[in-house]
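J.: Below you will find the structure I want to go over with you.
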Amino acid sequence: MKLLFERSTPGHAHTILPELDVDMPALPEGAARGQRPHLPELAEIELGRHYTELAKQTHGVNDGFYPLGSCTMKYNPRVNEQAAALAGFADIHPLQPACTVQGALGVMAETADALAEICGMDAVTLQPAAGAHGEYTGLLLIRAYHLERGDTARTKIIVPDSAHGTNPASAVMAGFTVVSVPSNAQGGVDLDALRAAVGPDTAGLMLTNPNTLGLFDPNILEICRIVHEAGGLCYYDGANLNAVMGHARPGDMGFDCVHVNLHKTFSTPHGGGGPGSGPVGCKAFLSRYLPGPIVRKGEQGYELFKPEKSVGRVRSFHGNFLVVVRALTYITMLGAEGLPEASAHAVLNANYLMKRLEGSWFVPYGELCMHEFVIDVAPLKAETGVSAMDVAKRMLDFGIHPPTMYFPLIVHEALMVEPTETESKAELDAFIEIMDRIWQEAHEDGARLHEAPLACAIGRPDEVGAARNPHLRYEFGDLS
Amino acid sequence: MSNIPENLRYTSSHEWVSEEDGVYTVGLTDFAQDSLGDLVFINLPQEGDEVVAGEAFCDVESVKAVSDVFSPVSGTVVEVNEELADAPELINDDPYGAWIVRVGEVAEVEDLLDAEGYAAVCESEA
């Protein structure tokens, strides 16, 4: 399709301005550009068509099934949008005096309280703008805690080998070094390896539970105990909270701080930039380090304050506030009964898919899963040459967004499937039929699947070429 | 089946090693490059860096994943294959020619595998 610059026609515009009837002041020397900027010129209808054409080339949860493991691509209820569009939320400014935005501050306070209750924490900041940003914030709390006690030897963060890649990356960003511990045969943390890894240099552990194999670690209490006894703290990566929301709380498992992804678990927009939101919760003893400002209820209504030993801001103003409005709408609409029911359905859907598929597809660690499970395509590849990539690409032909591929790293030809609670049984059955068909195609004519997708406008973009020789700006050619 | 030359030594984390006059040359095996797929980036150490046996000293990125490269020896980096910085694909094209670093002043060497031992490791992971 044409880019905006290629649709541009000199003189086309949205708005017809009246003729300039005052003198044009001259710009000071040196303030004017040497060259006119390259701005596309389009009428509103041309602009509208451009973005509509782009929208038609995308796939979202409103288009079809989107079982992207670890990402929790659940449906975003329309009522969330209605709440976020209310003028009292949408038409305010973060620098307004607190007394003029009491409703908005109330939303922040209520959301923080609800998330603290769901996670078993005591205090919450809404500033972090996404999951990894939340991890980084949580690690800053852990760091501040050790430093304030004068314990400067705790420089290492322990991360299981099944972790999200953001965990080690966040730890390094926060100034720690990373120690990886292997998984045991059941897909959980290897306790002996963990015992061997902890010591006086352990700052903390980062763990997601259920983990990236979709398994709830039955040793979770022991894991947190081992880390605590060594003097470290435990961080809960809330990426997979959708599996346990309202059923089990990270705080009760022994975790000291957590992040949650509003754009996953709490049904706010995800993908295409969201924007996301990754609030961080902590136990009371860490709350003095939280980023400020935080909302609290004072005598004159809601007010903002900065915690005593705050690590400082991690984001301008109050984070992605309108995302928080959407999340509170979701929490309020579902309530204390609906949230655990949503989790139960997410787990039921994943188990239904897993059990129906595992007759032919190989599911390692396949006893019982939580909200997602991992298919290993390696046996199919050995037999037919068809890889996880080929299977994923073929799904595109059926209007399905492929599952997460090649992750977790401990499963080599991984397809990580997370259906979420918002898919019906009929939708899951349709997916199973498609998977059966791809299975048959692999055995009948595996080579053909190397060419998949067979019916999409774009098939296999040159990812390697794009990574090795990225073109980061538009080339204007003759226009310049 | 991946190519595992008889004259080299290996780690179970898929590095190959050769030694000459106390200087150890380290690279990634054919199995490693094949599992990773097309490499698009390599984060090389610098000459003079200290490396520790069993610890990561370099990382490589493919369109699939980012992976650490572990040092089989403890010592000092005496030479880096800078050519890889602009052309990480050389590792895909010729894994046993495209060495990553040479390490000298070696204080410790991990227990290394011979070709047969390493073939068994690859077999178990395939």
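Residue numbering restarts at 1 for every chain of the structure tokens, chains are lettered A, B, ... in their displayed order, and ligands are numbered from 1 as they appear.
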Give me the residues within 10 Å of Cys122 of chain B as a count of residues only, counting only C-alpha atoms and dropping any in the same chain fewer than 4 places off.
T.: 11
J.: As a ChimeraX atom specification, please: the residues near Asp68 of chain B (cut-off 10 Å, only C-alpha atoms, same-chain neighbours under 5 positions excluded).
T.: /B:13,42-43,55-61
J.: Produce a file of the selected residues containing N, CA and C atoms, as an mmCIF file, in the first residue's frame.
T.:
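Result file is result_13.cif:
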```cif
data_model
loop_
_atom_site.group_PDB
_atom_site.id
_atom_site.type_symbol
_atom_site.label_atom_id
_atom_site.label_comp_id
_atom_site.auth_asym_id
_atom_site.auth_seq_id
_atom_site.Cartn_x
_atom_site.Cartn_y
_atom_site.Cartn_z
ATOM 1 N N SER B 13 27.456 -26.088 26.769
ATOM 2 C CA SER B 13 26.656 -24.915 26.389
ATOM 3 C C SER B 13 26.968 -24.470 24.954
ATOM 4 N N ILE B 42 25.818 -9.310 17.418
ATOM 5 C CA ILE B 42 26.683 -9.928 18.425
ATOM 6 C C ILE B 42 27.255 -8.827 19.308
ATOM 7 N N ASN B 43 27.194 -9.062 20.610
ATOM 8 C CA ASN B 43 27.718 -8.116 21.593
ATOM 9 C C ASN B 43 29.071 -8.655 22.049
ATOM 10 N N GLU B 55 31.022 -18.467 32.917
ATOM 11 C CA GLU B 55 30.216 -17.239 32.934
ATOM 12 C C GLU B 55 30.128 -16.620 31.542
ATOM 13 N N ALA B 56 29.042 -15.883 31.305
ATOM 14 C CA ALA B 56 28.807 -15.294 29.994
ATOM 15 C C ALA B 56 29.811 -14.172 29.728
ATOM 16 N N PHE B 57 30.317 -14.114 28.500
ATOM 17 C CA PHE B 57 31.233 -13.014 28.148
ATOM 18 C C PHE B 57 30.791 -12.292 26.886
ATOM 19 N N CYS B 58 29.711 -12.746 26.293
ATOM 20 C CA CYS B 58 29.311 -12.252 24.978
ATOM 21 C C CYS B 58 27.863 -12.693 24.785
ATOM 22 N N ASP B 59 27.080 -11.935 23.975
ATOM 23 C CA ASP B 59 25.771 -12.474 23.642
ATOM 24 C C ASP B 59 25.466 -12.303 22.164
ATOM 25 N N VAL B 60 24.688 -13.218 21.681
ATOM 26 C CA VAL B 60 24.333 -13.206 20.266
ATOM 27 C C VAL B 60 22.818 -13.144 20.133
ATOM 28 N N GLU B 61 22.382 -12.482 19.076
ATOM 29 C CA GLU B 61 20.947 -12.296 18.884
ATOM 30 C C GLU B 61 20.559 -12.794 17.500
#
```
J.: Do me a favour and pick out the residues of chain A within 8 Å of chain B, using only C-alpha atoms, as a VMD selection string.
T.: chain A and resid 406 409 463 to 464 467 to 468
J.: Write the residues you've just listed into a file as a PDB file, in the first residue's frame, and include N, CA and C atoms for each of them.
T.:
```
ATOM      1  N   TYR A 406       8.673 -19.945  19.768  1.00  0.00           N
ATOM      2  CA  TYR A 406      10.058 -20.072  20.226  1.00  0.00           C
ATOM      3  C   TYR A 406      10.263 -19.457  21.606  1.00  0.00           C
ATOM      4  N   LEU A 409      12.348 -20.465  26.113  1.00  0.00           N
ATOM      5  CA  LEU A 409      13.521 -20.951  25.404  1.00  0.00           C
ATOM      6  C   LEU A 409      13.835 -22.407  25.716  1.00  0.00           C
ATOM      7  N   GLU A 463      12.770 -10.689   8.085  1.00  0.00           N
ATOM      8  CA  GLU A 463      13.110 -10.207   9.428  1.00  0.00           C
ATOM      9  C   GLU A 463      14.616 -10.094   9.613  1.00  0.00           C
ATOM     10  N   VAL A 464      15.334 -11.058   9.017  1.00  0.00           N
ATOM     11  CA  VAL A 464      16.786 -11.046   9.171  1.00  0.00           C
ATOM     12  C   VAL A 464      17.372  -9.812   8.489  1.00  0.00           C
ATOM     13  N   ALA A 467      16.658  -6.709  10.434  1.00  0.00           N
ATOM     14  CA  ALA A 467      17.468  -6.555  11.648  1.00  0.00           C
ATOM     15  C   ALA A 467      18.917  -6.219  11.307  1.00  0.00           C
ATOM     16  N   ARG A 468      19.404  -6.798  10.199  1.00  0.00           N
ATOM     17  CA  ARG A 468      20.814  -6.549   9.849  1.00  0.00           C
ATOM     18  C   ARG A 468      21.000  -5.201   9.168  1.00  0.00           C
TER      19      ARG A 468
END
```
J.: Val101 of chain A: which residues within 12 Å, counting only C-alpha atoms, same-chain residues fewer than 2 positions away excluded, as a PyMOL selection string?
T.: chain A and resi 87-99+103-108+295+301-304
J.: Would you kindly return, as a ChimeraX atom specification, each protein, DNA or RNA residue with an atom no farther than 12 Å from any atom of Gly271 of chain A, considering only C-alpha atoms and excluding same-chain residues fewer than 4 positions away?
T.: /A:58-61,66,68,71-74,76,130,263-264,267,275-276
J.: For those residues, write N, CA and C atoms to a file as a PDB file, in the first residue's frame.
T.:
```pdb
ATOM      1  N   THR A  58      -4.389  -5.132   9.739  1.00  0.00           N
ATOM      2  CA  THR A  58      -3.984  -5.612  11.058  1.00  0.00           C
ATOM      3  C   THR A  58      -4.919  -6.713  11.525  1.00  0.00           C
ATOM      4  N   HIS A  59      -4.506  -7.380  12.592  1.00  0.00           N
ATOM      5  CA  HIS A  59      -5.368  -8.377  13.206  1.00  0.00           C
ATOM      6  C   HIS A  59      -5.454  -8.066  14.693  1.00  0.00           C
ATOM      7  N   GLY A  60      -6.650  -7.870  15.167  1.00  0.00           N
ATOM      8  CA  GLY A  60      -6.844  -7.634  16.596  1.00  0.00           C
ATOM      9  C   GLY A  60      -7.860  -8.611  17.128  1.00  0.00           C
ATOM     10  N   VAL A  61      -8.097  -8.522  18.421  1.00  0.00           N
ATOM     11  CA  VAL A  61      -9.017  -9.467  19.044  1.00  0.00           C
ATOM     12  C   VAL A  61     -10.446  -9.248  18.529  1.00  0.00           C
ATOM     13  N   TYR A  66      -6.922 -14.937  19.008  1.00  0.00           N
ATOM     14  CA  TYR A  66      -5.622 -14.284  19.198  1.00  0.00           C
ATOM     15  C   TYR A  66      -4.911 -14.936  20.389  1.00  0.00           C
ATOM     16  N   LEU A  68      -2.161 -15.494  21.775  1.00  0.00           N
ATOM     17  CA  LEU A  68      -0.748 -15.145  21.910  1.00  0.00           C
ATOM     18  C   LEU A  68      -0.300 -15.346  23.356  1.00  0.00           C
ATOM     19  N   CYS A  71       0.638 -13.082  26.642  1.00  0.00           N
ATOM     20  CA  CYS A  71       0.203 -11.707  26.392  1.00  0.00           C
ATOM     21  C   CYS A  71      -1.240 -11.444  26.811  1.00  0.00           C
ATOM     22  N   THR A  72      -2.014 -12.505  27.061  1.00  0.00           N
ATOM     23  CA  THR A  72      -3.383 -12.375  27.549  1.00  0.00           C
ATOM     24  C   THR A  72      -4.191 -11.384  26.703  1.00  0.00           C
ATOM     25  N   MET A  73      -4.398 -11.780  25.437  1.00  0.00           N
ATOM     26  CA  MET A  73      -5.109 -10.893  24.503  1.00  0.00           C
ATOM     27  C   MET A  73      -6.609 -11.075  24.671  1.00  0.00           C
ATOM     28  N   LYS A  74      -7.113 -10.727  25.846  1.00  0.00           N
ATOM     29  CA  LYS A  74      -8.545 -10.893  26.086  1.00  0.00           C
ATOM     30  C   LYS A  74      -9.319  -9.732  25.482  1.00  0.00           C
ATOM     31  N   ASN A  76     -11.521  -6.515  25.124  1.00  0.00           N
ATOM     32  CA  ASN A  76     -11.577  -5.252  25.876  1.00  0.00           C
ATOM     33  C   ASN A  76     -13.012  -4.722  25.843  1.00  0.00           C
ATOM     34  N   ALA A 130       4.333  -0.018  31.806  1.00  0.00           N
ATOM     35  CA  ALA A 130       4.221  -1.349  31.205  1.00  0.00           C
ATOM     36  C   ALA A 130       4.838  -2.353  32.159  1.00  0.00           C
ATOM     37  N   HIS A 263      -2.924  -4.077  30.931  1.00  0.00           N
ATOM     38  CA  HIS A 263      -3.236  -4.367  29.527  1.00  0.00           C
ATOM     39  C   HIS A 263      -3.306  -5.866  29.264  1.00  0.00           C
ATOM     40  N   LYS A 264      -3.058  -6.683  30.260  1.00  0.00           N
ATOM     41  CA  LYS A 264      -3.309  -8.120  30.100  1.00  0.00           C
ATOM     42  C   LYS A 264      -4.509  -8.484  30.975  1.00  0.00           C
ATOM     43  N   SER A 267      -7.931  -6.143  31.077  1.00  0.00           N
ATOM     44  CA  SER A 267      -8.710  -5.906  29.846  1.00  0.00           C
ATOM     45  C   SER A 267      -8.539  -4.517  29.247  1.00  0.00           C
ATOM     46  N   PRO A 275      -1.738   2.326  25.077  1.00  0.00           N
ATOM     47  CA  PRO A 275      -0.535   2.204  25.884  1.00  0.00           C
ATOM     48  C   PRO A 275      -0.757   1.257  27.061  1.00  0.00           C
ATOM     49  N   GLY A 276       0.328   0.733  27.591  1.00  0.00           N
ATOM     50  CA  GLY A 276       0.227  -0.212  28.692  1.00  0.00           C
ATOM     51  C   GLY A 276       0.188   0.473  30.032  1.00  0.00           C
TER      52      GLY A 276
END
```
J.: Hey, what does DSSP flag as strand (DSSP E) within segment 298-454 of chain A? Can you give it to me as a list in words?
T.: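 Filtering segment 298-454 of chain A down to strand (DSSP E) leaves Gly298, Gly301, Tyr302, Glu303, Leu304, Phe305, Phe373, Val374, Ile375, Asp376, Thr404, Met405, Ala414, Leu415, Met416 and Val417 of chain A.
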J.: Can you check which residues of segment 103-237 of chain A DSSP gives as helix (DSSP H, G or I) on the backbone and send them as JSON, numbers by chain?
T.: {"A": [103, 104, 105, 106, 107, 108, 109, 110, 111, 112, 113, 114, 115, 116, 117, 118, 119, 131, 132, 133, 134, 135, 136, 137, 138, 139, 140, 141, 142, 143, 144, 145, 146, 147, 148, 166, 167, 168, 169, 170, 171, 172, 173, 191, 192, 193, 194, 195, 196, 197, 220, 221, 222, 223, 224, 225, 226, 227, 228, 229]}
J.: Report as a JSON list (two decimals) with C-alpha atoms, in the first residue's frame all protein, DNA and RNA residues lying within 7 Å of Gly131 of chain A, evaluated on only C-alpha atoms, omitting residues in the same chain fewer than 3 positions from it.
T.:
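The new file around17.json reads:
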```
[["chain", "number", "residue", "atom", "x", "y", "z"],
["A", 134, "GLY", "CA", 7.06, -2.30, 36.62],
["A", 135, "GLU", "CA", 9.81, -4.91, 37.04],
["A", 259, "HIS", "CA", 3.71, -5.78, 39.11],
["A", 260, "VAL", "CA", 0.46, -6.37, 37.29],
["A", 261, "ASN", "CA", -0.21, -5.70, 33.62],
["A", 278, "GLY", "CA", 2.22, -1.86, 34.95]]
```
J.: Between B:Asp49, B:Glu116, B:Glu15, B:Glu79, which residue has the minimum interatomic distance to Val101 of chain B, considering only C-alpha atoms?
T.: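 Counting only C-alpha atoms, the residue closest to Val101 of chain B is B:Glu79.
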J.: With only C-alpha atoms as the basis for distance, which of A:Leu322, A:Ile410, A:Leu241, A:Met333 is at the shortest distance from Pro269 of chain A?
T.: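 Closest to Pro269 of chain A, using only C-alpha atoms: A:Leu322.
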J.: Could you tell me how far atom CA of Thr25 of chain B lies from atom CA of Ala119 of chain B, in Å and to one decimal?
T.: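 For atom CA of Thr25 of chain B relative to atom CA of Ala119 of chain B, the distance reads 20.0 Å.
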J.: Can you pull out the residues contacting segment 164-176 of chain A? Cut-off 9 Å, using only C-alpha atoms, and skip same-chain residues under 2 positions away; I want them as a ChimeraX atom specification.
T.: /A:70,131-133,135-137,139-140,143,154-159,161-162,178-180,203,206-208,211-212,237,239,407-408 /B:66
